[in-house]
$ cat protein_25.pdb   # PDB, C-alpha atoms and all ligand atoms
MODEL        1
ATOM      1  CA  MET A   6      45.900  61.017  -3.342  1.00  0.00           C
ATOM      2  CA  ALA A   7      42.491  59.494  -2.630  1.00  0.00           C
ATOM      3  CA  ARG A   8      40.825  60.623   0.577  1.00  0.00           C
ATOM      4  CA  GLN A   9      40.235  57.752   3.009  1.00  0.00           C
ATOM      5  CA  PHE A  10      36.536  57.267   3.824  1.00  0.00           C
ATOM      6  CA  PHE A  11      35.845  58.255   7.444  1.00  0.00           C
ATOM      7  CA  VAL A  12      32.951  57.288   9.695  1.00  0.00           C
ATOM      8  CA  GLY A  13      32.565  58.760  13.167  1.00  0.00           C
ATOM      9  CA  GLY A  14      30.026  57.748  15.783  1.00  0.00           C
ATOM     10  CA  ASN A  15      28.944  60.486  18.188  1.00  0.00           C
ATOM     11  CA  PHE A  16      27.273  58.826  21.170  1.00  0.00           C
ATOM     12  CA  LYS A  17      26.420  62.266  22.640  1.00  0.00           C
ATOM     13  CA  MET A  18      25.283  61.894  26.317  1.00  0.00           C
ATOM     14  CA  ASN A  19      24.462  58.187  25.810  1.00  0.00           C
ATOM     15  CA  PRO A  20      24.378  55.531  27.128  1.00  0.00           C
ATOM     16  CA  ASN A  21      23.965  55.990  30.875  1.00  0.00           C
ATOM     17  CA  THR A  22      26.062  53.063  32.040  1.00  0.00           C
ATOM     18  CA  LYS A  23      29.589  51.856  31.446  1.00  0.00           C
ATOM     19  CA  GLU A  24      28.247  48.368  30.696  1.00  0.00           C
ATOM     20  CA  GLN A  25      26.103  49.673  27.861  1.00  0.00           C
ATOM     21  CA  SER A  26      29.073  51.606  26.473  1.00  0.00           C
ATOM     22  CA  LEU A  27      31.200  48.490  26.591  1.00  0.00           C
ATOM     23  CA  ALA A  28      28.421  46.551  24.866  1.00  0.00           C
ATOM     24  CA  LEU A  29      28.518  49.046  21.969  1.00  0.00           C
ATOM     25  CA  ALA A  30      32.272  48.532  21.740  1.00  0.00           C
ATOM     26  CA  ALA A  31      31.835  44.760  21.883  1.00  0.00           C
ATOM     27  CA  ALA A  32      29.390  44.905  18.968  1.00  0.00           C
ATOM     28  CA  LEU A  33      32.027  46.700  16.893  1.00  0.00           C
ATOM     29  CA  ASN A  34      34.702  44.263  18.031  1.00  0.00           C
ATOM     30  CA  ASP A  35      32.597  41.374  16.701  1.00  0.00           C
ATOM     31  CA  ALA A  36      31.684  43.053  13.413  1.00  0.00           C
ATOM     32  CA  GLN A  37      33.340  42.851  10.020  1.00  0.00           C
ATOM     33  CA  LEU A  38      34.344  46.417   9.272  1.00  0.00           C
ATOM     34  CA  ASP A  39      35.578  47.659   5.918  1.00  0.00           C
ATOM     35  CA  PRO A  40      39.356  47.982   6.490  1.00  0.00           C
ATOM     36  CA  ALA A  41      39.470  50.813   3.956  1.00  0.00           C
ATOM     37  CA  THR A  42      37.341  53.051   6.193  1.00  0.00           C
ATOM     38  CA  GLU A  43      38.751  55.000   9.134  1.00  0.00           C
ATOM     39  CA  VAL A  44      36.397  54.514  12.089  1.00  0.00           C
ATOM     40  CA  VAL A  45      36.236  56.721  15.188  1.00  0.00           C
ATOM     41  CA  ILE A  46      33.739  56.609  18.042  1.00  0.00           C
ATOM     42  CA  ALA A  47      33.059  59.370  20.541  1.00  0.00           C
ATOM     43  CA  PRO A  48      31.580  58.045  23.784  1.00  0.00           C
ATOM     44  CA  PRO A  49      30.965  60.268  26.815  1.00  0.00           C
ATOM     45  CA  SER A  50      34.330  61.294  28.280  1.00  0.00           C
ATOM     46  CA  LEU A  51      33.899  59.110  31.393  1.00  0.00           C
ATOM     47  CA  TYR A  52      33.888  56.020  29.193  1.00  0.00           C
ATOM     48  CA  LEU A  53      36.915  56.861  27.051  1.00  0.00           C
ATOM     49  CA  LEU A  54      39.384  55.039  29.303  1.00  0.00           C
ATOM     50  CA  PRO A  55      37.399  51.790  29.777  1.00  0.00           C
ATOM     51  CA  LEU A  56      36.660  51.709  26.046  1.00  0.00           C
ATOM     52  CA  LYS A  57      40.291  52.310  25.218  1.00  0.00           C
ATOM     53  CA  GLU A  58      41.108  49.034  26.971  1.00  0.00           C
ATOM     54  CA  LYS A  59      38.399  46.945  25.353  1.00  0.00           C
ATOM     55  CA  LEU A  60      37.924  48.404  21.880  1.00  0.00           C
ATOM     56  CA  ARG A  61      39.576  46.836  18.842  1.00  0.00           C
ATOM     57  CA  LYS A  62      42.674  48.778  17.879  1.00  0.00           C
ATOM     58  CA  ASP A  63      41.538  49.639  14.356  1.00  0.00           C
ATOM     59  CA  VAL A  64      38.669  51.714  15.786  1.00  0.00           C
ATOM     60  CA  GLN A  65      39.866  54.980  17.284  1.00  0.00           C
ATOM     61  CA  LEU A  66      38.397  57.148  20.011  1.00  0.00           C
ATOM     62  CA  ALA A  67      37.303  60.766  20.014  1.00  0.00           C
ATOM     63  CA  ALA A  68      36.243  63.071  22.805  1.00  0.00           C
ATOM     64  CA  GLN A  69      33.092  65.085  22.196  1.00  0.00           C
ATOM     65  CA  ASN A  70      34.657  68.337  23.374  1.00  0.00           C
ATOM     66  CA  ALA A  71      37.789  69.862  24.890  1.00  0.00           C
ATOM     67  CA  TYR A  72      38.669  73.259  26.316  1.00  0.00           C
ATOM     68  CA  PHE A  73      40.726  76.032  24.732  1.00  0.00           C
ATOM     69  CA  LYS A  74      43.150  76.426  27.632  1.00  0.00           C
ATOM     70  CA  VAL A  75      46.122  74.198  28.262  1.00  0.00           C
ATOM     71  CA  SER A  76      45.386  73.682  32.004  1.00  0.00           C
ATOM     72  CA  GLY A  77      44.215  75.607  35.037  1.00  0.00           C
ATOM     73  CA  ALA A  78      41.167  76.719  37.018  1.00  0.00           C
ATOM     74  CA  PHE A  79      38.418  75.704  34.578  1.00  0.00           C
ATOM     75  CA  THR A  80      36.081  73.533  36.630  1.00  0.00           C
ATOM     76  CA  GLY A  81      34.363  70.822  34.645  1.00  0.00           C
ATOM     77  CA  GLU A  82      36.500  71.120  31.521  1.00  0.00           C
ATOM     78  CA  ILE A  83      38.876  68.625  29.887  1.00  0.00           C
ATOM     79  CA  SER A  84      42.151  69.731  28.333  1.00  0.00           C
ATOM     80  CA  PRO A  85      43.487  68.449  25.012  1.00  0.00           C
ATOM     81  CA  ALA A  86      46.663  67.329  26.819  1.00  0.00           C
ATOM     82  CA  GLN A  87      44.570  65.149  29.147  1.00  0.00           C
ATOM     83  CA  LEU A  88      42.961  63.478  26.120  1.00  0.00           C
ATOM     84  CA  VAL A  89      46.356  62.856  24.550  1.00  0.00           C
ATOM     85  CA  ASP A  90      47.603  61.424  27.850  1.00  0.00           C
ATOM     86  CA  ALA A  91      44.574  59.085  27.865  1.00  0.00           C
ATOM     87  CA  GLY A  92      45.525  57.858  24.395  1.00  0.00           C
ATOM     88  CA  VAL A  93      42.585  59.561  22.661  1.00  0.00           C
ATOM     89  CA  PRO A  94      43.611  60.754  19.175  1.00  0.00           C
ATOM     90  CA  TYR A  95      40.517  62.725  18.087  1.00  0.00           C
ATOM     91  CA  VAL A  96      38.191  65.408  19.408  1.00  0.00           C
ATOM     92  CA  ILE A  97      34.883  66.643  17.983  1.00  0.00           C
ATOM     93  CA  LEU A  98      34.699  70.442  18.095  1.00  0.00           C
ATOM     94  CA  GLY A  99      31.950  72.875  17.147  1.00  0.00           C
ATOM     95  CA  HIS A 100      29.078  70.396  17.160  1.00  0.00           C
ATOM     96  CA  SER A 101      25.818  72.296  16.668  1.00  0.00           C
ATOM     97  CA  GLU A 102      24.638  71.229  20.116  1.00  0.00           C
ATOM     98  CA  ARG A 103      27.723  72.893  21.584  1.00  0.00           C
ATOM     99  CA  ARG A 104      27.206  75.992  19.443  1.00  0.00           C
ATOM    100  CA  THR A 105      23.491  76.282  20.257  1.00  0.00           C
ATOM    101  CA  LEU A 106      23.080  74.979  23.805  1.00  0.00           C
ATOM    102  CA  PHE A 107      26.461  76.057  25.150  1.00  0.00           C
ATOM    103  CA  HIS A 108      26.854  79.259  23.138  1.00  0.00           C
ATOM    104  CA  GLU A 109      30.157  78.363  21.495  1.00  0.00           C
ATOM    105  CA  THR A 110      30.953  80.932  18.829  1.00  0.00           C
ATOM    106  CA  SER A 111      33.012  80.166  15.742  1.00  0.00           C
ATOM    107  CA  GLU A 112      35.890  82.066  17.384  1.00  0.00           C
ATOM    108  CA  ILE A 113      35.727  79.843  20.476  1.00  0.00           C
ATOM    109  CA  VAL A 114      35.579  76.748  18.245  1.00  0.00           C
ATOM    110  CA  ALA A 115      38.581  78.047  16.296  1.00  0.00           C
ATOM    111  CA  GLN A 116      40.520  78.659  19.510  1.00  0.00           C
ATOM    112  CA  LYS A 117      39.656  75.152  20.722  1.00  0.00           C
ATOM    113  CA  THR A 118      40.847  73.777  17.387  1.00  0.00           C
ATOM    114  CA  ARG A 119      44.150  75.663  17.662  1.00  0.00           C
ATOM    115  CA  VAL A 120      44.838  74.379  21.191  1.00  0.00           C
ATOM    116  CA  ALA A 121      43.765  70.806  20.319  1.00  0.00           C
ATOM    117  CA  LEU A 122      46.119  70.737  17.335  1.00  0.00           C
ATOM    118  CA  ASP A 123      48.941  72.173  19.422  1.00  0.00           C
ATOM    119  CA  ALA A 124      48.447  69.210  21.775  1.00  0.00           C
ATOM    120  CA  SER A 125      48.634  66.935  18.705  1.00  0.00           C
ATOM    121  CA  LEU A 126      44.981  65.874  18.634  1.00  0.00           C
ATOM    122  CA  ASN A 127      43.122  65.373  15.368  1.00  0.00           C
ATOM    123  CA  VAL A 128      39.943  67.445  15.098  1.00  0.00           C
ATOM    124  CA  ILE A 129      36.516  66.693  13.659  1.00  0.00           C
ATOM    125  CA  LEU A 130      35.405  70.263  13.021  1.00  0.00           C
ATOM    126  CA  CYS A 131      31.615  70.615  12.715  1.00  0.00           C
ATOM    127  CA  ILE A 132      29.874  73.300  10.714  1.00  0.00           C
ATOM    128  CA  GLY A 133      26.393  73.724   9.276  1.00  0.00           C
ATOM    129  CA  GLU A 134      23.398  75.961   8.774  1.00  0.00           C
ATOM    130  CA  THR A 135      19.968  76.161  10.412  1.00  0.00           C
ATOM    131  CA  LEU A 136      16.771  75.575   8.453  1.00  0.00           C
ATOM    132  CA  GLU A 137      16.090  79.313   8.378  1.00  0.00           C
ATOM    133  CA  GLN A 138      19.550  79.975   6.947  1.00  0.00           C
ATOM    134  CA  ARG A 139      19.104  77.262   4.289  1.00  0.00           C
ATOM    135  CA  GLU A 140      15.697  78.609   3.314  1.00  0.00           C
ATOM    136  CA  GLY A 141      17.228  82.083   3.133  1.00  0.00           C
ATOM    137  CA  GLY A 142      19.839  80.832   0.650  1.00  0.00           C
ATOM    138  CA  LYS A 143      22.643  81.371   3.145  1.00  0.00           C
ATOM    139  CA  THR A 144      24.056  77.846   3.474  1.00  0.00           C
ATOM    140  CA  SER A 145      27.439  78.512   1.848  1.00  0.00           C
ATOM    141  CA  GLU A 146      27.823  81.894   3.516  1.00  0.00           C
ATOM    142  CA  VAL A 147      27.198  80.369   6.974  1.00  0.00           C
ATOM    143  CA  CYS A 148      29.566  77.429   6.419  1.00  0.00           C
ATOM    144  CA  GLU A 149      32.253  79.771   5.091  1.00  0.00           C
ATOM    145  CA  ALA A 150      31.922  82.129   8.052  1.00  0.00           C
ATOM    146  CA  GLN A 151      32.260  79.191  10.460  1.00  0.00           C
ATOM    147  CA  LEU A 152      35.339  77.944   8.599  1.00  0.00           C
ATOM    148  CA  LYS A 153      36.884  81.409   8.213  1.00  0.00           C
ATOM    149  CA  ALA A 154      37.331  81.668  11.979  1.00  0.00           C
ATOM    150  CA  ALA A 155      39.366  78.441  11.875  1.00  0.00           C
ATOM    151  CA  VAL A 156      41.330  79.467   8.770  1.00  0.00           C
ATOM    152  CA  ALA A 157      42.371  82.639  10.637  1.00  0.00           C
ATOM    153  CA  VAL A 158      44.154  80.701  13.394  1.00  0.00           C
ATOM    154  CA  LEU A 159      45.441  77.667  11.472  1.00  0.00           C
ATOM    155  CA  LYS A 160      48.448  77.115   9.238  1.00  0.00           C
ATOM    156  CA  PRO A 161      47.975  75.299   5.919  1.00  0.00           C
ATOM    157  CA  GLU A 162      49.741  72.195   7.292  1.00  0.00           C
ATOM    158  CA  ASP A 163      47.298  71.997  10.236  1.00  0.00           C
ATOM    159  CA  TRP A 164      44.512  70.928   7.880  1.00  0.00           C
ATOM    160  CA  SER A 165      46.002  67.457   7.481  1.00  0.00           C
ATOM    161  CA  LYS A 166      44.777  66.806  11.048  1.00  0.00           C
ATOM    162  CA  ILE A 167      41.261  68.138  10.466  1.00  0.00           C
ATOM    163  CA  VAL A 168      38.157  66.386   9.197  1.00  0.00           C
ATOM    164  CA  VAL A 169      35.404  68.875   8.349  1.00  0.00           C
ATOM    165  CA  ALA A 170      31.936  67.601   9.309  1.00  0.00           C
ATOM    166  CA  TYR A 171      29.145  69.326   7.415  1.00  0.00           C
ATOM    167  CA  GLU A 172      26.115  68.866   9.635  1.00  0.00           C
ATOM    168  CA  PRO A 173      23.043  70.887   8.695  1.00  0.00           C
ATOM    169  CA  VAL A 174      21.341  71.725  12.000  1.00  0.00           C
ATOM    170  CA  TRP A 175      17.917  70.887  10.540  1.00  0.00           C
ATOM    171  CA  ALA A 176      19.085  67.341   9.822  1.00  0.00           C
ATOM    172  CA  ILE A 177      20.658  66.509  13.190  1.00  0.00           C
ATOM    173  CA  GLY A 178      18.500  64.138  15.194  1.00  0.00           C
ATOM    174  CA  THR A 179      15.406  65.032  13.177  1.00  0.00           C
ATOM    175  CA  GLY A 180      15.143  62.121  10.751  1.00  0.00           C
ATOM    176  CA  LYS A 181      15.332  64.704   7.901  1.00  0.00           C
ATOM    177  CA  VAL A 182      18.461  63.728   6.010  1.00  0.00           C
ATOM    178  CA  ALA A 183      19.916  66.015   3.343  1.00  0.00           C
ATOM    179  CA  THR A 184      19.433  64.633  -0.140  1.00  0.00           C
ATOM    180  CA  SER A 185      22.598  63.377  -1.751  1.00  0.00           C
ATOM    181  CA  ALA A 186      22.385  66.338  -4.159  1.00  0.00           C
ATOM    182  CA  GLN A 187      22.115  68.825  -1.274  1.00  0.00           C
ATOM    183  CA  ALA A 188      25.048  67.201   0.532  1.00  0.00           C
ATOM    184  CA  GLN A 189      27.179  67.086  -2.625  1.00  0.00           C
ATOM    185  CA  GLU A 190      26.441  70.715  -3.511  1.00  0.00           C
ATOM    186  CA  THR A 191      27.381  71.996  -0.064  1.00  0.00           C
ATOM    187  CA  HIS A 192      30.471  69.776   0.214  1.00  0.00           C
ATOM    188  CA  ALA A 193      31.650  71.031  -3.175  1.00  0.00           C
ATOM    189  CA  ASP A 194      31.102  74.632  -2.026  1.00  0.00           C
ATOM    190  CA  ILE A 195      33.071  73.955   1.168  1.00  0.00           C
ATOM    191  CA  ARG A 196      35.913  72.413  -0.868  1.00  0.00           C
ATOM    192  CA  SER A 197      35.953  75.360  -3.196  1.00  0.00           C
ATOM    193  CA  PHE A 198      36.110  77.714  -0.210  1.00  0.00           C
ATOM    194  CA  LEU A 199      39.072  75.753   1.224  1.00  0.00           C
ATOM    195  CA  SER A 200      40.768  75.993  -2.142  1.00  0.00           C
ATOM    196  CA  LYS A 201      40.443  79.770  -2.258  1.00  0.00           C
ATOM    197  CA  ALA A 202      41.053  80.432   1.436  1.00  0.00           C
ATOM    198  CA  ILE A 203      43.977  78.036   1.910  1.00  0.00           C
ATOM    199  CA  SER A 204      45.149  76.195  -1.212  1.00  0.00           C
ATOM    200  CA  PRO A 205      43.941  73.765  -3.895  1.00  0.00           C
ATOM    201  CA  ALA A 206      46.154  71.065  -2.351  1.00  0.00           C
ATOM    202  CA  VAL A 207      44.580  71.427   1.099  1.00  0.00           C
ATOM    203  CA  ALA A 208      41.098  71.471  -0.457  1.00  0.00           C
ATOM    204  CA  ALA A 209      41.801  68.288  -2.403  1.00  0.00           C
ATOM    205  CA  ALA A 210      43.206  66.452   0.628  1.00  0.00           C
ATOM    206  CA  THR A 211      40.753  67.510   3.341  1.00  0.00           C
ATOM    207  CA  ARG A 212      37.995  65.056   4.167  1.00  0.00           C
ATOM    208  CA  ILE A 213      34.524  66.573   4.287  1.00  0.00           C
ATOM    209  CA  ILE A 214      32.038  64.235   5.952  1.00  0.00           C
ATOM    210  CA  TYR A 215      28.272  64.567   6.206  1.00  0.00           C
ATOM    211  CA  GLY A 216      26.227  64.344   9.413  1.00  0.00           C
ATOM    212  CA  GLY A 217      22.513  64.553  10.046  1.00  0.00           C
ATOM    213  CA  SER A 218      20.126  61.585  10.324  1.00  0.00           C
ATOM    214  CA  VAL A 219      22.450  59.196   8.485  1.00  0.00           C
ATOM    215  CA  THR A 220      21.083  55.638   8.615  1.00  0.00           C
ATOM    216  CA  ALA A 221      21.770  52.278   7.025  1.00  0.00           C
ATOM    217  CA  ALA A 222      18.985  53.101   4.564  1.00  0.00           C
ATOM    218  CA  ASN A 223      20.407  56.372   3.226  1.00  0.00           C
ATOM    219  CA  CYS A 224      24.185  55.997   3.655  1.00  0.00           C
ATOM    220  CA  LYS A 225      24.928  54.147   0.418  1.00  0.00           C
ATOM    221  CA  GLU A 226      23.544  56.809  -1.868  1.00  0.00           C
ATOM    222  CA  LEU A 227      25.150  59.639   0.084  1.00  0.00           C
ATOM    223  CA  SER A 228      28.482  57.785  -0.065  1.00  0.00           C
ATOM    224  CA  THR A 229      28.461  57.772  -3.863  1.00  0.00           C
ATOM    225  CA  GLN A 230      28.779  61.558  -4.017  1.00  0.00           C
ATOM    226  CA  PRO A 231      32.296  62.589  -5.038  1.00  0.00           C
ATOM    227  CA  ASP A 232      32.754  65.164  -2.273  1.00  0.00           C
ATOM    228  CA  VAL A 233      31.167  63.125   0.536  1.00  0.00           C
ATOM    229  CA  ASP A 234      34.149  61.527   2.284  1.00  0.00           C
ATOM    230  CA  GLY A 235      32.256  59.812   5.072  1.00  0.00           C
ATOM    231  CA  PHE A 236      29.798  60.437   7.872  1.00  0.00           C
ATOM    232  CA  LEU A 237      29.405  61.693  11.397  1.00  0.00           C
ATOM    233  CA  VAL A 238      26.621  59.604  12.883  1.00  0.00           C
ATOM    234  CA  GLY A 239      24.652  60.391  16.039  1.00  0.00           C
ATOM    235  CA  GLY A 240      21.572  58.301  16.849  1.00  0.00           C
ATOM    236  CA  ALA A 241      22.387  55.426  14.494  1.00  0.00           C
ATOM    237  CA  SER A 242      25.854  55.005  16.046  1.00  0.00           C
ATOM    238  CA  LEU A 243      24.088  53.492  19.073  1.00  0.00           C
ATOM    239  CA  LYS A 244      22.372  50.860  16.933  1.00  0.00           C
ATOM    240  CA  PRO A 245      23.506  47.734  15.076  1.00  0.00           C
ATOM    241  CA  GLU A 246      23.040  49.611  11.774  1.00  0.00           C
ATOM    242  CA  PHE A 247      26.193  51.619  12.588  1.00  0.00           C
ATOM    243  CA  VAL A 248      28.137  48.690  11.127  1.00  0.00           C
ATOM    244  CA  ASN A 249      26.227  49.039   7.835  1.00  0.00           C
ATOM    245  CA  ILE A 250      27.070  52.755   7.764  1.00  0.00           C
ATOM    246  CA  ILE A 251      30.759  52.018   8.373  1.00  0.00           C
ATOM    247  CA  ASN A 252      30.552  49.563   5.473  1.00  0.00           C
ATOM    248  CA  ALA A 253      28.666  51.967   3.176  1.00  0.00           C
ATOM    249  CA  LYS A 254      31.399  51.844   0.529  1.00  0.00           C
ATOM    250  CA  LYS A 255      31.714  48.048   0.516  1.00  0.00           C
TER     251      LYS A 255
HETATM  252  C1  LIG A 301      25.377  64.249  15.288  1.00  0.00           C
HETATM  253  O1  LIG A 301      25.081  64.315  16.467  1.00  0.00           O
HETATM  254  O2  LIG A 301      26.490  64.617  14.911  1.00  0.00           O
HETATM  255  C2  LIG A 301      24.397  63.713  14.344  1.00  0.00           C
HETATM  256  C3  LIG A 301      24.661  63.793  13.074  1.00  0.00           C
HETATM  257  O3  LIG A 301      23.252  63.173  14.883  1.00  0.00           O
HETATM  258  P1  LIG A 301      22.157  62.281  14.104  1.00  0.00           P
HETATM  259  O4  LIG A 301      22.902  61.269  13.275  1.00  0.00           O
HETATM  260  O5  LIG A 301      21.371  61.635  15.207  1.00  0.00           O
HETATM  261  O6  LIG A 301      21.348  63.200  13.273  1.00  0.00           O
ENDMDL
END

$ encode --input "protein_25.pdb" --output "structure tokens"
Amino acid sequence: MARQFFVGGNFKMNPNTKEQSLALAAALNDAQLDPATEVVIAPPSLYLLPLKEKLRKDVQLAAQNAYFKVSGAFTGEISPAQLVDAGVPYVILGHSERRTLFHETSEIVAQKTRVALDASLNVILCIGETLEQREGGKTSEVCEAQLKAAVAVLKPEDWSKIVVAYEPVWAIGTGKVATSAQAQETHADIRSFLSKAISPAVAAATRIIYGGSVTAANCKELSTQPDVDGFLVGGASLKPEFVNIINAKK
């Protein structure tokens, strides 16, 4: 079965007002979006509920993070069950900013993934190497190690609720996009790892999306690569060009 193209918008800690968040939603509401593409946006958690009310129903919401405990004394955290209760179907886990700035290990990310799936969330699971690791020829090894932690706690059927986001750290927010050949090569390696570690069927069905300085100018070529099943977009998801990225396959 063909994998449905997927475009996610990660607003990160932007914008700083509810009105601006609603304006981003309104721009999507007014746009012509390719109905063949699954679209998910991840605003700051405070704005999930107001956006839920105003956003068109064919665009889904994601949280940018969730905790690995079901409930309890964890000040400042959000539980997967709370997201489900708020009608949020997706969560981004393991973003490189979480791994680097907030010291989330692959084991923590795997645990978060397990608990999110148990609460019936879908997960956008981010992986990717640093520039030093790429230059050291370690890209596949790093991506595999990050995925292995998840494979260890997931059942084969769990992967139908996971979108893998390959986001090279050196490309995130830097304006240095991976070439389509670099993206394709790494996505193919990730798929081959999933095939060996889980099963050929899971590997064939799992969407592997690319993130890192995706823009309207580079999305079309990246989208032609056979193993690039969509994008996770940071900076450009706050701009009108996000619509062009959603429509990359049109
Ligand atoms: C991201 O934050 O996931 C991302 C890919 O950011 P950017 O598009 O700004 O590089």

$ closest_atom_pairs --input "protein_25.pdb" --of "chain A" --to "ligand LIG 301 (chain A)" --cutoff "9 Å" --atoms "all atoms listed in the file" --output "Markdown table"
| residue | atom | partner | partner_atom | distance |
| --- | --- | --- | --- | --- |
| A:Gly13 | CA | A:LIG301 | O2 | 8.6 |
| A:Gly14 | CA | A:LIG301 | O2 | 7.8 |
| A:Asn15 | CA | A:LIG301 | O1 | 5.7 |
| A:Phe16 | CA | A:LIG301 | O1 | 7.6 |
| A:Lys17 | CA | A:LIG301 | O1 | 6.6 |
| A:His100 | CA | A:LIG301 | O2 | 6.7 |
| A:Ser101 | CA | A:LIG301 | O2 | 7.9 |
| A:Glu102 | CA | A:LIG301 | O1 | 7.8 |
| A:Cys131 | CA | A:LIG301 | O2 | 8.2 |
| A:Ala170 | CA | A:LIG301 | O2 | 8.4 |
| A:Glu172 | CA | A:LIG301 | C3 | 6.3 |
| A:Pro173 | CA | A:LIG301 | C3 | 8.5 |
| A:Val174 | CA | A:LIG301 | O6 | 8.6 |
| A:Trp175 | CA | A:LIG301 | O6 | 8.9 |
| A:Ala176 | CA | A:LIG301 | O6 | 5.8 |
| A:Ile177 | CA | A:LIG301 | O6 | 3.4 |
| A:Gly178 | CA | A:LIG301 | O6 | 3.6 |
| A:Thr179 | CA | A:LIG301 | O6 | 6.2 |
| A:Gly180 | CA | A:LIG301 | O6 | 6.8 |
| A:Lys181 | CA | A:LIG301 | O6 | 8.2 |
| A:Val182 | CA | A:LIG301 | O6 | 7.8 |
| A:Tyr215 | CA | A:LIG301 | C3 | 7.8 |
| A:Gly216 | CA | A:LIG301 | C3 | 4.0 |
| A:Gly217 | CA | A:LIG301 | O6 | 3.7 |
| A:Ser218 | CA | A:LIG301 | O6 | 3.6 |
| A:Val219 | CA | A:LIG301 | O4 | 5.2 |
| A:Thr220 | CA | A:LIG301 | O4 | 7.5 |
| A:Phe236 | CA | A:LIG301 | C3 | 8.0 |
| A:Leu237 | CA | A:LIG301 | O2 | 5.4 |
| A:Val238 | CA | A:LIG301 | O4 | 4.1 |
| A:Gly239 | CA | A:LIG301 | O3 | 3.3 |
| A:Gly240 | CA | A:LIG301 | O5 | 3.7 |
| A:Ala241 | CA | A:LIG301 | O4 | 6.0 |
| A:Ser242 | CA | A:LIG301 | O4 | 7.5 |

$ resolve_selection --input "protein_25.pdb" --expression "the PyMOL selection byres (((chain A and resi 19) around 12) and not hetatm)" --output "number ranges by chain"
A: 14-18, 20-27, 29, 47-52, 69, 239-244

$ resolve_selection --input "protein_25.pdb" --expression "the PyMOL selection byres (((chain A and resi 229) around 12) and not hetatm)" --output "count of residues only"
21

$ resolve_selection --input "protein_25.pdb" --expression "the PyMOL selection byres (((chain A and resi 249) around 9) and not hetatm)" --output "list in words"
Leu38, Thr220, Ala221, Ala222, Cys224, Pro245, Glu246, Phe247, Val248, Ile250, Ile251, Asn252 and Ala253 of chain A

$ write_last_selection --input "protein_25.pdb" --atoms "C-alpha atoms" --output "compact mmCIF listing (two decimals), keeping the file's coordinate frame"
# COMPACT_ATOMS: atom_id res chain seq x y z
CA LEU A 38 34.34 46.42 9.27
CA THR A 220 21.08 55.64 8.62
CA ALA A 221 21.77 52.28 7.02
CA ALA A 222 18.98 53.10 4.56
CA CYS A 224 24.18 56.00 3.66
CA PRO A 245 23.51 47.73 15.08
CA GLU A 246 23.04 49.61 11.77
CA PHE A 247 26.19 51.62 12.59
CA VAL A 248 28.14 48.69 11.13
CA ILE A 250 27.07 52.76 7.76
CA ILE A 251 30.76 52.02 8.37
CA ASN A 252 30.55 49.56 5.47
CA ALA A 253 28.67 51.97 3.18

$ atom_distance --input "protein_25.pdb" --atom1 "atom CA of A:Thr191" --atom2 "atom CA of A:Cys148"
8.7 Å

$ atom_distance --input "protein_25.pdb" --atom1 "atom CA of A:Phe107" --atom2 "atom CA of A:Phe73"
14.3 Å

$ atom_distance --input "protein_25.pdb" --atom1 "atom CA of A:Val12" --atom2 "atom CA of A:Val64"
10.0 Å

$ closest_atom_pairs --input "protein_25.pdb" --of "stretch 70-99 of chain A" --to "stretch 127-130 of chain A" --cutoff "8 Å" --atoms "all atoms listed in the file" --output "CSV"
residue,atom,partner,partner_atom,distance
A:Pro94,CA,A:Asn127,CA,6.0
A:Tyr95,CA,A:Asn127,CA,4.6
A:Val96,CA,A:Val128,CA,5.1
A:Ile97,CA,A:Ile129,CA,4.6
A:Leu98,CA,A:Leu130,CA,5.1
A:Gly99,CA,A:Leu130,CA,6.0

$ closest_residue --input "protein_25.pdb" --among "A:Leu56, A:Leu159, A:Ala41, A:Ala32" --to "A:Arg8" --atoms "all atoms listed in the file"
A:Ala41

$ residues_near_point --input "protein_25.pdb" --point "(36.7, 69.8, -1.7)" --cutoff "10 Å" --atoms "all atoms listed in the file" --output "list of chain:residue names"
A:Gln189, A:Thr191, A:His192, A:Ala193, A:Asp194, A:Ile195, A:Arg196, A:Ser197, A:Phe198, A:Leu199, A:Ser200, A:Pro205, A:Ala206, A:Val207, A:Ala208, A:Ala209, A:Ala210, A:Thr211, A:Arg212, A:Ile213, A:Pro231, A:Asp232, A:Val233, A:Asp234

$ closest_residue --input "protein_25.pdb" --among "A:Lys62, A:Arg139, A:Lys153, A:Arg103" --to "A:Ala115" --atoms "only C-alpha atoms"
A:Lys153

$ residues_around --input "protein_25.pdb" --residues "A:Ser111" --least-positions-apart "4" --cutoff "9 Å" --atoms "only C-alpha atoms" --output "list of chain:residue names"
A:Gly99, A:Arg104, A:Ala115, A:Gln116, A:Ala150, A:Gln151, A:Leu152, A:Lys153, A:Ala154, A:Ala155

$ closest_residue --input "protein_25.pdb" --among "A:Lys143, A:His108, A:Lys166, A:Lys160" --to "A:Leu122" --atoms "all atoms listed in the file"
A:Lys166

$ closest_residue --input "protein_25.pdb" --among "A:Ser145, A:Thr42, A:Thr80, A:Asn34" --to "A:Leu60" --atoms "only C-alpha atoms"
A:Asn34

$ closest_residue --input "protein_25.pdb" --among "A:Ala78, A:Glu149, A:Tyr72, A:Ser84" --to "A:Val114" --atoms "all atoms listed in the file"
A:Tyr72
